[in-house]
$ cat protein.cif   # mmCIF, C-alpha atoms
data_query
#
loop_
_atom_site.label_atom_id
_atom_site.label_comp_id
_atom_site.auth_asym_id
_atom_site.auth_seq_id
_atom_site.Cartn_x
_atom_site.Cartn_y
_atom_site.Cartn_z
CA MET A 27 0.00 0.00 0.00
CA GLU A 28 1.61 3.27 -1.08
CA THR A 29 0.31 6.78 -1.31
CA HIS A 30 1.92 9.86 -2.72
CA VAL A 31 0.01 13.00 -1.91
CA HIS A 32 0.84 16.65 -1.82
CA GLY A 33 0.49 18.36 1.53
CA SER A 34 -0.51 21.93 2.15
CA VAL A 35 2.90 23.39 1.28
CA ASP A 36 3.84 21.06 -1.56
CA THR A 37 5.27 18.59 0.89
CA LEU A 38 5.84 15.20 -0.69
CA ILE A 39 4.36 12.56 1.55
CA ASN A 40 5.14 8.87 1.15
CA ILE A 41 3.37 6.47 3.51
CA ARG A 42 3.80 2.71 3.20
CA VAL A 43 2.55 -0.15 5.39
CA GLU A 44 3.93 -3.45 4.20
CA PRO A 45 5.44 -6.76 5.37
CA GLN A 46 8.78 -6.54 3.59
CA GLY A 47 11.91 -4.86 4.90
CA PHE A 48 13.25 -1.53 3.68
CA ASP A 49 16.62 -0.17 2.64
CA VAL A 50 17.45 2.92 4.69
CA GLY A 51 20.00 4.09 2.09
CA ALA A 52 17.47 3.88 -0.72
CA GLU A 53 14.85 5.71 1.35
CA TYR A 54 17.38 8.42 2.23
CA ASN A 55 18.26 8.88 -1.46
CA LEU A 56 14.59 9.10 -2.42
CA LEU A 57 13.93 11.67 0.29
CA ARG A 58 16.98 13.66 -0.82
CA GLU A 59 15.84 13.65 -4.44
CA ARG A 60 12.48 15.02 -3.33
CA SER A 61 14.02 17.74 -1.17
CA GLU A 62 15.88 20.08 -3.48
CA ASN A 63 15.52 23.06 -1.15
CA SER A 64 16.21 21.24 2.11
CA GLY A 65 19.12 21.81 4.42
CA ALA A 66 18.42 18.86 6.71
CA ILE A 67 17.19 15.30 6.54
CA VAL A 68 16.40 13.33 9.70
CA LEU A 69 15.79 9.58 9.47
CA PHE A 70 14.61 7.52 12.43
CA THR A 71 14.44 3.74 12.36
CA GLY A 72 12.85 1.55 15.04
CA LEU A 73 14.30 -1.93 15.56
CA VAL A 74 12.97 -5.11 17.18
CA ARG A 75 14.68 -5.52 20.57
CA ASP A 76 15.74 -9.05 21.53
CA PHE A 77 14.46 -8.72 25.12
CA ASN A 78 11.59 -7.40 27.21
CA ALA A 79 11.13 -6.90 30.97
CA ASP A 80 10.80 -10.68 31.47
CA GLY A 81 13.86 -11.74 29.47
CA ALA A 82 14.72 -12.86 25.96
CA ILE A 83 12.16 -12.78 23.16
CA ASP A 84 12.18 -14.41 19.77
CA GLY A 85 10.78 -11.75 17.45
CA ILE A 86 7.41 -10.01 17.22
CA ILE A 87 4.20 -10.14 15.23
CA LEU A 88 2.67 -6.82 14.17
CA GLU A 89 -1.02 -6.48 13.44
CA HIS A 90 -2.83 -3.37 12.21
CA TYR A 91 -6.21 -1.96 11.14
CA PRO A 92 -5.47 -1.20 7.49
CA ALA A 93 -8.19 1.33 6.66
CA MET A 94 -7.54 3.31 9.83
CA THR A 95 -3.76 3.10 9.64
CA GLN A 96 -3.59 5.03 6.37
CA LYS A 97 -6.01 7.71 7.60
CA THR A 98 -4.25 8.10 10.94
CA LEU A 99 -0.76 8.39 9.47
CA GLN A 100 -2.00 10.99 6.96
CA THR A 101 -3.58 12.97 9.78
CA ILE A 102 -0.40 12.84 11.88
CA VAL A 103 1.67 14.13 8.95
CA GLN A 104 -0.85 16.93 8.31
CA ARG A 105 -0.61 17.93 11.99
CA ALA A 106 3.20 17.99 11.74
CA LEU A 107 2.89 20.19 8.62
CA SER A 108 0.75 22.67 10.50
CA LYS A 109 3.60 23.10 13.01
CA TRP A 110 6.72 22.97 10.83
CA GLN A 111 7.55 23.62 7.20
CA LEU A 112 8.68 20.22 5.99
CA ASP A 113 9.72 19.50 2.41
CA ALA A 114 9.18 15.72 2.31
CA VAL A 115 8.01 13.04 4.73
CA THR A 116 8.40 9.28 4.48
CA ILE A 117 6.75 6.82 6.86
CA ILE A 118 7.25 3.09 6.43
CA HIS A 119 5.77 0.68 8.97
CA ARG A 120 6.12 -3.07 8.67
CA VAL A 121 3.46 -5.61 9.63
CA GLY A 122 3.50 -9.37 10.11
CA LYS A 123 6.24 -11.51 11.65
CA LEU A 124 9.54 -9.74 12.36
CA LEU A 125 12.72 -11.19 13.79
CA ASN A 126 14.92 -9.78 16.55
CA HIS A 127 16.98 -6.80 15.29
CA ASP A 128 14.74 -6.32 12.22
CA GLN A 129 13.72 -2.79 11.25
CA ILE A 130 10.07 -2.09 12.17
CA VAL A 131 9.51 1.53 11.28
CA LEU A 132 11.15 4.37 9.39
CA VAL A 133 10.27 8.05 9.70
CA GLY A 134 12.16 10.39 7.42
CA VAL A 135 11.72 14.15 7.27
CA SER A 136 13.43 16.85 5.24
CA ALA A 137 13.23 20.56 5.93
CA ARG A 138 15.07 23.83 5.31
CA HIS A 139 16.52 23.76 8.81
CA ARG A 140 17.58 20.96 11.13
CA GLU A 141 15.35 21.93 14.04
CA ALA A 142 12.18 21.45 11.99
CA ALA A 143 13.48 18.13 10.65
CA PHE A 144 14.37 16.80 14.14
CA ASP A 145 11.14 18.05 15.74
CA GLY A 146 8.95 16.94 12.84
CA ALA A 147 10.37 13.40 12.90
CA SER A 148 10.08 13.21 16.69
CA PHE A 149 6.49 14.50 16.66
CA ILE A 150 5.48 11.99 13.97
CA MET A 151 7.02 9.08 15.93
CA ASP A 152 5.39 10.15 19.22
CA PHE A 153 1.95 10.32 17.62
CA LEU A 154 2.49 7.12 15.62
CA LYS A 155 3.29 5.28 18.86
CA THR A 156 0.09 6.43 20.56
CA GLU A 157 -2.48 6.85 17.77
CA ALA A 158 -1.69 4.66 14.77
CA PRO A 159 -3.53 1.33 15.10
CA PHE A 160 -0.63 -1.12 15.23
CA TRP A 161 -0.35 -3.82 17.89
CA LYS A 162 2.73 -5.86 18.80
CA LYS A 163 2.84 -9.42 20.00
CA GLU A 164 6.13 -10.70 21.40
CA VAL A 165 7.10 -14.28 20.63
CA THR A 166 8.72 -16.06 23.60
CA PRO A 167 11.61 -18.53 23.16
CA GLN A 168 9.02 -21.26 23.91
CA GLY A 169 7.03 -20.14 20.87
CA ASP A 170 4.10 -18.52 22.72
CA ALA A 171 3.07 -15.00 21.76
CA GLN A 172 1.94 -12.30 24.22
CA TRP A 173 0.39 -8.92 23.41
CA VAL A 174 2.55 -5.98 24.41
CA ASP A 175 0.87 -3.47 26.75
CA ALA A 176 0.90 0.23 25.89
CA LYS A 177 3.46 2.26 27.82
CA VAL A 178 2.73 5.32 29.93
CA SER A 179 6.09 6.73 28.78
CA ASP A 180 4.84 6.75 25.17
CA GLN A 181 1.75 8.68 26.22
CA ARG A 182 3.91 11.19 28.13
CA ALA A 183 6.20 11.61 25.10
CA ARG A 184 3.18 12.64 23.05
CA GLU A 185 1.91 15.07 25.67
CA ARG A 186 5.03 17.25 25.40
CA TRP A 187 3.82 18.53 22.01
CA MET B 12 -26.29 -2.81 9.68
CA ILE B 13 -23.12 -1.89 11.59
CA LYS B 14 -19.80 -3.53 10.68
CA VAL B 15 -18.04 -4.28 13.96
CA LEU B 16 -14.30 -5.05 14.09
CA PHE B 17 -12.19 -6.34 16.97
CA PHE B 18 -8.39 -6.14 17.02
CA ALA B 19 -5.47 -7.63 18.96
CA ARG B 20 -6.20 -8.63 22.58
CA VAL B 21 -9.86 -7.61 22.27
CA ARG B 22 -10.29 -9.94 19.28
CA ASP B 23 -8.71 -12.80 21.24
CA GLN B 24 -11.06 -12.12 24.16
CA VAL B 25 -14.28 -12.06 22.12
CA GLY B 26 -13.16 -14.87 19.83
CA CYS B 27 -13.92 -13.20 16.50
CA ALA B 28 -12.53 -10.44 14.28
CA GLU B 29 -15.66 -9.12 12.60
CA LEU B 30 -19.45 -9.10 13.05
CA ASP B 31 -22.39 -7.46 11.33
CA ILE B 32 -24.85 -6.19 13.92
CA GLU B 33 -28.22 -4.56 13.28
CA LEU B 34 -28.41 -1.07 14.84
CA PRO B 35 -31.22 -1.46 17.38
CA ALA B 36 -34.12 0.99 17.27
CA GLY B 37 -33.50 3.86 19.65
CA VAL B 38 -29.71 3.43 19.72
CA SER B 39 -27.91 6.45 18.27
CA ASP B 40 -24.57 6.79 20.06
CA VAL B 41 -21.40 4.84 20.76
CA ALA B 42 -22.37 4.17 24.40
CA GLY B 43 -25.71 2.67 23.40
CA PHE B 44 -24.21 0.58 20.64
CA THR B 45 -21.44 -0.71 22.91
CA ALA B 46 -24.08 -1.77 25.44
CA THR B 47 -25.75 -3.77 22.65
CA VAL B 48 -22.48 -5.53 21.81
CA LYS B 49 -21.76 -6.25 25.49
CA ALA B 50 -25.18 -7.88 25.79
CA MET B 51 -24.09 -10.51 23.23
CA GLY B 52 -22.33 -12.57 25.87
CA ALA B 53 -19.97 -12.71 28.82
CA ALA B 54 -16.82 -12.53 26.66
CA PHE B 55 -18.07 -9.33 24.97
CA GLU B 56 -19.17 -7.87 28.31
CA GLN B 57 -15.76 -8.53 29.83
CA ALA B 58 -13.62 -7.43 26.85
CA LEU B 59 -15.48 -4.16 26.24
CA SER B 60 -15.68 -3.27 29.94
CA GLU B 61 -11.91 -2.98 30.28
CA PRO B 62 -11.17 0.65 31.07
CA ASN B 63 -8.59 1.20 28.35
CA VAL B 64 -10.50 -0.23 25.37
CA LEU B 65 -10.48 2.25 22.49
CA ILE B 66 -13.28 2.75 19.98
CA ALA B 67 -13.10 4.04 16.42
CA VAL B 68 -16.11 4.99 14.29
CA ASN B 69 -15.42 4.97 10.55
CA GLN B 70 -11.65 4.76 11.24
CA GLU B 71 -11.58 7.83 13.51
CA MET B 72 -11.08 7.69 17.27
CA ALA B 73 -14.46 8.06 18.98
CA ASN B 74 -15.88 8.73 22.43
CA SER B 75 -19.05 7.35 23.97
CA GLN B 76 -21.19 10.37 23.03
CA MET B 77 -20.47 10.15 19.31
CA THR B 78 -23.32 9.41 16.93
CA VAL B 79 -23.70 5.98 15.36
CA GLU B 80 -25.67 5.53 12.15
CA ASP B 81 -26.66 2.60 10.02
CA GLY B 82 -23.76 1.67 7.71
CA ASP B 83 -21.01 2.79 10.11
CA GLU B 84 -17.90 0.75 10.84
CA ILE B 85 -17.11 0.49 14.56
CA ALA B 86 -13.85 -0.98 15.85
CA TYR B 87 -12.85 -1.96 19.40
CA PHE B 88 -9.19 -2.39 20.28
CA PRO B 89 -6.62 -2.03 23.07
CA PRO B 90 -4.19 0.92 23.29
CA VAL B 91 -1.84 0.82 20.32
CA THR B 92 1.75 -0.43 20.57
CA GLY B 93 3.34 -0.04 17.14
CA GLY B 94 6.66 1.46 16.13
#
$ encode --input "protein.cif" --output "structure tokens"
Amino acid sequence: METHVHGSVDTLINIRVEPQGFDVGAEYNLLRERSENSGAIVLFTGLVRDFNADGAIDGIILEHYPAMTQKTLQTIVQRALSKWQLDAVTIIHRVGKLLNHDQIVLVGVSARHREAAFDGASFIMDFLKTEAPFWKKEVTPQGDAQWVDAKVSDQRARERW
Amino acid sequence: MIKVLFFARVRDQVGCAELDIELPAGVSDVAGFTATVKAMGAAFEQALSEPNVLIAVNQEMANSQMTVEDGDEIAYFPPVTGG
């Protein structure tokens, strides 16, 4: 699933939700090509940790609500655009079974100045963590899978905006 | 008819992912509709009574006062944990 839409200030928005992995270098190059006037590109990638509070885990399974995911991610980007002038935004979120150390999510933002790029990427991640309908299940070394509970710290991170 | 979706832990608790439920006469908001779903059985009652269950109407986050109309899609799910 891929959408390319123009935001309010000709921002190029690329949102993808898909099972396969992504190449950070390729995504960086794409963002750079779309950001002729930018002075800064910030890329964040989230990785699957190999542990939780109870010990080792053996990967995760990510579920989502497809129709709502697209809408929510678009809305989050639009909110970021109302706060900062961003030239291009890329969001990639994987779904399905992921292994320890795999990449889960990429948020890339380009802007004229670094502060907008850092803040825009951070804002998008904080809202993605608390509003985009993705759910994680951790697979134990015994092969069971347990839903991950939402964290208060994620909620607090969002409240700072 | 209302299309009802359950995700993640809530789906496991109620034992199904999707249901079509007739909007009862006189029910016009999320609170009333949720009461109808809870009345379908103990598993629904328990899953939807958990304090942190979230509700979306037509893929937008909703609260209990929001209007529900025939043809809407209503989803119940736990707090999100992506990224």
$ resolve_selection --input "protein.cif" --expression "the PyMOL selection byres ((chain A) within 12 of (chain B))" --output "count of residues only"
60
$ closest_residue --input "protein.cif" --among "A:Arg182, A:Arg60, A:Arg105, A:Lys123" --to "Thr37 (chain A)" --atoms "all atoms listed in the file"
A:Arg60
$ closest_residue --input "protein.cif" --among "B:Leu30, B:Val64, B:Val41, B:Met51" --to "Met12 (chain B)" --atoms "all atoms listed in the file"
B:Leu30
$ atom_distance --input "protein.cif" --atom1 "CA of Ser148 (chain A)" --atom2 "CA of Ile66 (chain B)"
25.8 Å
$ resolve_selection --input "protein.cif" --expression "the PyMOL selection byres ((chain B and resi 15) around 9)" --output "number ranges by chain"
B: 13-14, 16-17, 28-32, 83-87
$ residues_near_point --input "protein.cif" --point "(-24.1, 9.4, 20.9)" --cutoff "9 Å" --atoms "all atoms listed in the file" --output "PyMOL selection string"
chain B and resi 38-44+74-79
$ atom_distance --input "protein.cif" --atom1 "CA of Val135 (chain A)" --atom2 "CA of Asn40 (chain A)"
10.4 Å
$ atom_distance --input "protein.cif" --atom1 "CA of Gly26 (chain B)" --atom2 "CA of Ile83 (chain A)"
25.6 Å
$ resolve_selection --input "protein.cif" --expression "the PyMOL selection byres ((chain A and resi 142) around 10)" --output "ChimeraX atom specification"
/A:66-68,106-107,109-112,135-141,143-148
$ closest_residue --input "protein.cif" --among "B:Glu80, B:Leu59, B:Glu33, B:Cys27" --to "Thr45 (chain B)" --atoms "only C-alpha atoms"
B:Leu59
$ decode --input "protein.cif" --residues "region 60-81 of chain B" --atoms "N, CA, C and O atoms" --output "PDB file, in the first residue's frame"
ATOM      1  N   SER B  60     -15.603  -4.007  28.672  1.00  0.00           N
ATOM      2  CA  SER B  60     -15.681  -3.268  29.939  1.00  0.00           C
ATOM      3  C   SER B  60     -14.305  -2.864  30.446  1.00  0.00           C
ATOM      4  O   SER B  60     -14.195  -2.124  31.424  1.00  0.00           O
ATOM      5  N   GLU B  61     -13.250  -3.364  29.814  1.00  0.00           N
ATOM      6  CA  GLU B  61     -11.907  -2.985  30.282  1.00  0.00           C
ATOM      7  C   GLU B  61     -11.720  -1.487  30.069  1.00  0.00           C
ATOM      8  O   GLU B  61     -12.081  -0.949  29.024  1.00  0.00           O
ATOM      9  N   PRO B  62     -11.168  -0.817  31.097  1.00  0.00           N
ATOM     10  CA  PRO B  62     -11.168   0.654  31.069  1.00  0.00           C
ATOM     11  C   PRO B  62     -10.389   1.278  29.911  1.00  0.00           C
ATOM     12  O   PRO B  62     -10.679   2.387  29.507  1.00  0.00           O
ATOM     13  N   ASN B  63      -9.405   0.555  29.383  1.00  0.00           N
ATOM     14  CA  ASN B  63      -8.589   1.202  28.347  1.00  0.00           C
ATOM     15  C   ASN B  63      -8.977   0.821  26.916  1.00  0.00           C
ATOM     16  O   ASN B  63      -8.259   1.160  25.980  1.00  0.00           O
ATOM     17  N   VAL B  64     -10.093   0.135  26.730  1.00  0.00           N
ATOM     18  CA  VAL B  64     -10.498  -0.232  25.367  1.00  0.00           C
ATOM     19  C   VAL B  64     -10.815   1.028  24.564  1.00  0.00           C
ATOM     20  O   VAL B  64     -11.497   1.931  25.045  1.00  0.00           O
ATOM     21  N   LEU B  65     -10.267   1.087  23.355  1.00  0.00           N
ATOM     22  CA  LEU B  65     -10.485   2.250  22.489  1.00  0.00           C
ATOM     23  C   LEU B  65     -11.524   1.910  21.426  1.00  0.00           C
ATOM     24  O   LEU B  65     -11.678   0.738  21.053  1.00  0.00           O
ATOM     25  N   ILE B  66     -12.215   2.949  20.965  1.00  0.00           N
ATOM     26  CA  ILE B  66     -13.278   2.754  19.982  1.00  0.00           C
ATOM     27  C   ILE B  66     -13.047   3.712  18.817  1.00  0.00           C
ATOM     28  O   ILE B  66     -12.735   4.892  19.027  1.00  0.00           O
ATOM     29  N   ALA B  67     -13.164   3.178  17.601  1.00  0.00           N
ATOM     30  CA  ALA B  67     -13.100   4.039  16.417  1.00  0.00           C
ATOM     31  C   ALA B  67     -14.398   3.889  15.641  1.00  0.00           C
ATOM     32  O   ALA B  67     -14.914   2.777  15.498  1.00  0.00           O
ATOM     33  N   VAL B  68     -14.938   5.015  15.166  1.00  0.00           N
ATOM     34  CA  VAL B  68     -16.110   4.993  14.291  1.00  0.00           C
ATOM     35  C   VAL B  68     -15.650   5.476  12.926  1.00  0.00           C
ATOM     36  O   VAL B  68     -15.075   6.570  12.810  1.00  0.00           O
ATOM     37  N   ASN B  69     -15.853   4.655  11.919  1.00  0.00           N
ATOM     38  CA  ASN B  69     -15.416   4.975  10.552  1.00  0.00           C
ATOM     39  C   ASN B  69     -13.947   5.386  10.521  1.00  0.00           C
ATOM     40  O   ASN B  69     -13.561   6.388   9.923  1.00  0.00           O
ATOM     41  N   GLN B  70     -13.124   4.604  11.219  1.00  0.00           N
ATOM     42  CA  GLN B  70     -11.651   4.757  11.245  1.00  0.00           C
ATOM     43  C   GLN B  70     -11.165   6.039  11.903  1.00  0.00           C
ATOM     44  O   GLN B  70     -10.034   6.465  11.686  1.00  0.00           O
ATOM     45  N   GLU B  71     -12.032   6.672  12.731  1.00  0.00           N
ATOM     46  CA  GLU B  71     -11.585   7.834  13.505  1.00  0.00           C
ATOM     47  C   GLU B  71     -11.845   7.528  14.973  1.00  0.00           C
ATOM     48  O   GLU B  71     -12.900   6.992  15.312  1.00  0.00           O
ATOM     49  N   MET B  72     -10.901   7.929  15.841  1.00  0.00           N
ATOM     50  CA  MET B  72     -11.080   7.687  17.270  1.00  0.00           C
ATOM     51  C   MET B  72     -12.388   8.335  17.731  1.00  0.00           C
ATOM     52  O   MET B  72     -12.714   9.453  17.329  1.00  0.00           O
ATOM     53  N   ALA B  73     -13.125   7.598  18.576  1.00  0.00           N
ATOM     54  CA  ALA B  73     -14.459   8.061  18.981  1.00  0.00           C
ATOM     55  C   ALA B  73     -14.582   8.050  20.493  1.00  0.00           C
ATOM     56  O   ALA B  73     -13.835   7.366  21.187  1.00  0.00           O
ATOM     57  N   ASN B  74     -15.546   8.817  21.006  1.00  0.00           N
ATOM     58  CA  ASN B  74     -15.878   8.726  22.427  1.00  0.00           C
ATOM     59  C   ASN B  74     -17.323   8.247  22.545  1.00  0.00           C
ATOM     60  O   ASN B  74     -18.029   8.115  21.540  1.00  0.00           O
ATOM     61  N   SER B  75     -17.762   8.014  23.777  1.00  0.00           N
ATOM     62  CA  SER B  75     -19.050   7.347  23.972  1.00  0.00           C
ATOM     63  C   SER B  75     -20.248   8.196  23.539  1.00  0.00           C
ATOM     64  O   SER B  75     -21.324   7.668  23.294  1.00  0.00           O
ATOM     65  N   GLN B  76     -20.048   9.509  23.424  1.00  0.00           N
ATOM     66  CA  GLN B  76     -21.187  10.372  23.026  1.00  0.00           C
ATOM     67  C   GLN B  76     -21.356  10.458  21.511  1.00  0.00           C
ATOM     68  O   GLN B  76     -22.329  11.017  21.022  1.00  0.00           O
ATOM     69  N   MET B  77     -20.400   9.948  20.760  1.00  0.00           N
ATOM     70  CA  MET B  77     -20.475  10.147  19.306  1.00  0.00           C
ATOM     71  C   MET B  77     -21.627   9.379  18.681  1.00  0.00           C
ATOM     72  O   MET B  77     -22.010   8.315  19.139  1.00  0.00           O
ATOM     73  N   THR B  78     -22.150   9.967  17.612  1.00  0.00           N
ATOM     74  CA  THR B  78     -23.324   9.408  16.930  1.00  0.00           C
ATOM     75  C   THR B  78     -22.953   8.156  16.147  1.00  0.00           C
ATOM     76  O   THR B  78     -21.892   8.077  15.543  1.00  0.00           O
ATOM     77  N   VAL B  79     -23.838   7.196  16.173  1.00  0.00           N
ATOM     78  CA  VAL B  79     -23.697   5.981  15.360  1.00  0.00           C
ATOM     79  C   VAL B  79     -24.890   5.898  14.419  1.00  0.00           C
ATOM     80  O   VAL B  79     -26.033   6.086  14.842  1.00  0.00           O
ATOM     81  N   GLU B  80     -24.592   5.646  13.142  1.00  0.00           N
ATOM     82  CA  GLU B  80     -25.666   5.533  12.148  1.00  0.00           C
ATOM     83  C   GLU B  80     -25.543   4.231  11.394  1.00  0.00           C
ATOM     84  O   GLU B  80     -24.447   3.666  11.294  1.00  0.00           O
ATOM     85  N   ASP B  81     -26.662   3.812  10.834  1.00  0.00           N
ATOM     86  CA  ASP B  81     -26.662   2.598  10.018  1.00  0.00           C
ATOM     87  C   ASP B  81     -25.593   2.724   8.928  1.00  0.00           C
ATOM     88  O   ASP B  81     -25.447   3.788   8.321  1.00  0.00           O
TER      89      ASP B  81
END
